[in-house]
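Data file: final09.csv. Format and content: CSV, C-alpha atoms.
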chain,number,residue,atom,x,y,z
A,484,MET,CA,-18.0,-26.7,15.3
A,485,ALA,CA,-15.7,-29.5,14.1
A,486,SER,CA,-18.8,-31.5,13.0
A,487,PHE,CA,-19.9,-28.7,10.6
A,488,GLY,CA,-18.6,-28.4,7.1
A,489,ARG,CA,-16.6,-25.4,6.2
A,490,LYS,CA,-19.5,-23.6,4.5
A,491,GLN,CA,-21.9,-24.3,7.4
A,492,GLY,CA,-19.3,-23.1,9.9
A,493,MET,CA,-18.6,-19.9,8.0
A,494,GLY,CA,-22.4,-19.3,7.7
A,495,MET,CA,-22.7,-19.6,11.5
A,496,VAL,CA,-19.8,-17.2,12.0
A,497,MET,CA,-21.4,-14.7,9.6
A,498,ALA,CA,-24.8,-15.0,11.3
A,499,THR,CA,-23.2,-14.5,14.7
A,500,ALA,CA,-21.2,-11.5,13.4
A,501,THR,CA,-24.4,-10.1,11.8
A,502,ASN,CA,-26.3,-10.4,15.1
A,503,LEU,CA,-23.4,-8.8,17.0
A,504,LEU,CA,-23.4,-5.9,14.5
A,505,LYS,CA,-27.2,-5.5,14.8
A,506,THR,CA,-26.8,-5.3,18.6
A,507,LEU,CA,-24.0,-2.8,18.5
A,508,THR,CA,-25.5,-0.5,15.8
A,509,GLY,CA,-29.2,-1.0,16.1
A,510,LYS,CA,-29.4,-1.7,12.4
A,511,SER,CA,-30.8,-4.8,10.8
A,512,SER,CA,-29.5,-4.7,7.2
A,513,ASN,CA,-26.8,-7.0,5.6
A,514,PHE,CA,-23.5,-7.5,7.5
A,515,ARG,CA,-21.3,-6.5,4.7
A,516,SER,CA,-23.2,-3.3,3.8
A,517,ASN,CA,-23.2,-2.3,7.5
A,518,THR,CA,-19.5,-2.6,7.9
A,519,ARG,CA,-18.8,-0.6,4.7
A,520,SER,CA,-21.3,2.1,5.5
A,521,LEU,CA,-19.9,2.4,9.0
A,522,SER,CA,-16.3,2.8,7.7
A,523,GLY,CA,-17.3,5.3,5.0
A,524,VAL,CA,-14.8,3.7,2.5
A,525,GLY,CA,-17.2,1.3,0.7
A,526,SER,CA,-18.8,4.0,-1.4
A,527,SER,CA,-17.3,4.4,-4.9
A,528,GLU,CA,-18.4,8.0,-5.0
A,529,VAL,CA,-16.0,8.9,-2.2
A,530,VAL,CA,-13.0,7.3,-3.9
A,531,THR,CA,-14.0,8.7,-7.3
A,532,SER,CA,-14.5,12.3,-6.1
A,533,HIS,CA,-11.2,12.2,-4.1
A,534,THR,CA,-9.3,10.9,-7.2
A,535,ASP,CA,-11.0,13.5,-9.4
A,536,LYS,CA,-10.1,16.2,-6.9
A,537,TRP,CA,-6.4,15.1,-6.9
A,538,MET,CA,-6.2,15.0,-10.7
A,539,GLN,CA,-7.9,18.4,-11.3
A,540,ASP,CA,-5.2,20.3,-9.4
A,541,THR,CA,-2.4,20.5,-12.0
A,542,SER,CA,-0.3,22.8,-9.8
A,543,LYS,CA,0.6,19.8,-7.6
A,544,LYS,CA,2.9,17.0,-8.7
A,545,SER,CA,1.9,13.4,-8.4
A,546,PRO,CA,3.8,11.1,-6.0
A,547,MET,CA,5.5,9.4,-9.0
A,548,GLU,CA,6.6,12.7,-10.4
A,549,LEU,CA,8.1,13.7,-7.0
A,550,ILE,CA,10.0,10.5,-6.6
A,551,ASN,CA,11.3,10.6,-10.1
A,552,GLU,CA,12.9,14.0,-9.4
A,553,VAL,CA,15.2,12.3,-6.8
A,554,PRO,CA,18.4,11.3,-8.7
A,555,PRO,CA,19.5,7.6,-8.4
A,556,ILE,CA,21.4,6.9,-5.2
A,557,LYS,CA,25.0,5.6,-5.8
A,558,VAL,CA,26.0,2.6,-3.8
A,559,GLU,CA,29.6,1.2,-3.6
A,560,GLY,CA,28.6,-2.5,-3.2
A,561,ARG,CA,26.5,-4.9,-5.3
A,562,ILE,CA,23.5,-4.8,-2.8
A,563,ALA,CA,21.6,-1.7,-1.7
A,564,ALA,CA,19.4,-1.8,1.5
A,565,CYS,CA,16.4,0.6,1.3
A,566,GLU,CA,14.3,1.5,4.3
A,567,GLY,CA,12.5,4.4,2.8
A,568,ASP,CA,13.6,7.0,5.4
A,569,THR,CA,16.2,7.4,8.1
A,570,ASN,CA,13.4,7.5,10.7
A,571,PRO,CA,12.0,3.9,11.0
A,572,ALA,CA,8.5,5.2,11.9
A,573,LEU,CA,8.3,6.9,8.5
A,574,GLY,CA,10.0,4.2,6.4
A,575,HIS,CA,9.0,0.8,5.1
A,576,PRO,CA,10.2,-2.8,5.6
A,577,ILE,CA,13.9,-3.2,4.6
A,578,GLU,CA,14.4,-4.3,1.0
A,579,TYR,CA,17.7,-5.6,-0.3
A,580,ILE,CA,18.2,-4.7,-3.9
A,581,CYS,CA,20.7,-6.3,-6.3
A,582,LEU,CA,22.6,-3.8,-8.4
A,583,ASP,CA,24.2,-6.1,-11.0
A,584,LEU,CA,22.2,-4.7,-13.9
A,585,PRO,CA,23.4,-1.5,-15.6
A,586,GLU,CA,20.1,0.3,-15.3
A,587,PRO,CA,18.9,1.7,-11.9
A,588,ALA,CA,17.2,-0.7,-9.6
A,589,VAL,CA,13.9,0.5,-8.1
A,590,CYS,CA,12.7,-0.1,-4.5
A,591,LYS,CA,9.3,-1.7,-4.7
A,592,TYR,CA,8.0,0.2,-1.7
A,593,CYS,CA,9.0,3.8,-2.2
A,594,GLY,CA,10.3,4.0,-5.7
A,595,LEU,CA,13.8,5.2,-4.9
A,596,ARG,CA,16.4,4.2,-7.5
A,597,PHE,CA,19.8,2.8,-6.8
A,598,VAL,CA,22.9,2.3,-9.1
A,599,GLN,CA,26.2,0.7,-8.4
A,600,ASP,CA,29.0,3.3,-8.2
A,601,HIS,CA,32.0,1.8,-10.2
A,602,HIS,CA,35.4,3.1,-9.1
A,603,HIS,CA,37.4,2.5,-12.3
Please express what this file holds, its structure, as C-alpha cells.
Amino acid sequence: MASFGRKQGMGMVMATATNLLKTLTGKSSNFRSNTRSLSGVGSSEVVTSHTDKWMQDTSKKSPMELINEVPPIKVEGRIAACEGDTNPALGHPIEYICLDLPEPAVCKYCGLRFVQDHHH
C-alpha cells in the first residue's frame, strides 16, 4: 500500500470497509449511511425530538441550573484539584485549577466552582 497515494489508499480502505459491511449486514447502500443507520444516532429527528422533550418539561432543572446551585468550594491553597466525584468511576480526568483571580474558577469538565479561602 506504500506505492499508493494517500487518497488512493483511503479509497481502497473505504471500499474494503464497505464490502465488509455489506457482508455483515446484507445491505448494499453507502458505507456512511449504513453505519449511521445501524447506530441509530445519525438521524437528526432523534436528536431534535429528544432535545424538544427535555426542554418541554419545565419541572426539571437543566444540568447547568443544578451545578449552579452548588456553592463555590473553598480551597486553602492557590491550586484546586477537581476530579468531579470522590468515586473515580463517576468522575472525570483530574484538572488542576489556578485560584489566583478573585472570581471563582470553574472546572471545564463538571462546572464546579472553586475559590481561594483567605485566612486574614
Go through A:Gln539, A:Glu586, A:Cys593, A:Pro571 one by one, measure the shortest atom-to-atom distance of each to Lys557 (chain A) using all atoms listed in the file, and give the residue with the smallest value.
->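 Between A:Gln539, A:Glu586, A:Cys593, A:Pro571, the residue approaching Lys557 (chain A) most closely is A:Glu586.
The shortest atom-to-atom distance to Val558 (chain A), with only C-alpha atoms taken into account, belongs to A:Cys581 out of A:Lys591, A:Lys536, A:His575, A:Cys581.
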Around (22.9, 3.8, -7.1) in the file's frame, which residues reach within 10 Å when counting only C-alpha atoms? Return as a short mmCIF file (atom, residue, chain, number, x, y, z; two decimals) with C-alpha atoms, in the frame of the given file?
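The file below, part_34.cif, is the result:
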data_model
loop_
_atom_site.label_atom_id
_atom_site.label_comp_id
_atom_site.auth_asym_id
_atom_site.auth_seq_id
_atom_site.Cartn_x
_atom_site.Cartn_y
_atom_site.Cartn_z
CA PRO A 554 18.40 11.30 -8.70
CA PRO A 555 19.50 7.60 -8.40
CA ILE A 556 21.40 6.90 -5.20
CA LYS A 557 25.00 5.60 -5.80
CA VAL A 558 26.00 2.60 -3.80
CA GLU A 559 29.60 1.20 -3.60
CA GLY A 560 28.60 -2.50 -3.20
CA ARG A 561 26.50 -4.90 -5.30
CA ILE A 562 23.50 -4.80 -2.80
CA ALA A 563 21.60 -1.70 -1.70
CA LEU A 582 22.60 -3.80 -8.40
CA GLU A 586 20.10 0.30 -15.30
CA PRO A 587 18.90 1.70 -11.90
CA ALA A 588 17.20 -0.70 -9.60
CA VAL A 589 13.90 0.50 -8.10
CA LEU A 595 13.80 5.20 -4.90
CA ARG A 596 16.40 4.20 -7.50
CA PHE A 597 19.80 2.80 -6.80
CA VAL A 598 22.90 2.30 -9.10
CA GLN A 599 26.20 0.70 -8.40
CA ASP A 600 29.00 3.30 -8.20
CA HIS A 601 32.00 1.80 -10.20
#
At what distance in Å, to one decimal, does CA of Tyr592 (chain A) lie from CA of Cys565 (chain A)?
->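 According to the coordinates, CA of Cys565 (chain A) and CA of Tyr592 (chain A) are separated by 8.9 Å.
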Report the distance between CA of Ile580 (chain A) and CA of Ser545 (chain A) in Å, rounded to one decimal place.
->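 We find that CA of Ile580 (chain A) and CA of Ser545 (chain A) lie 24.8 Å from each other.
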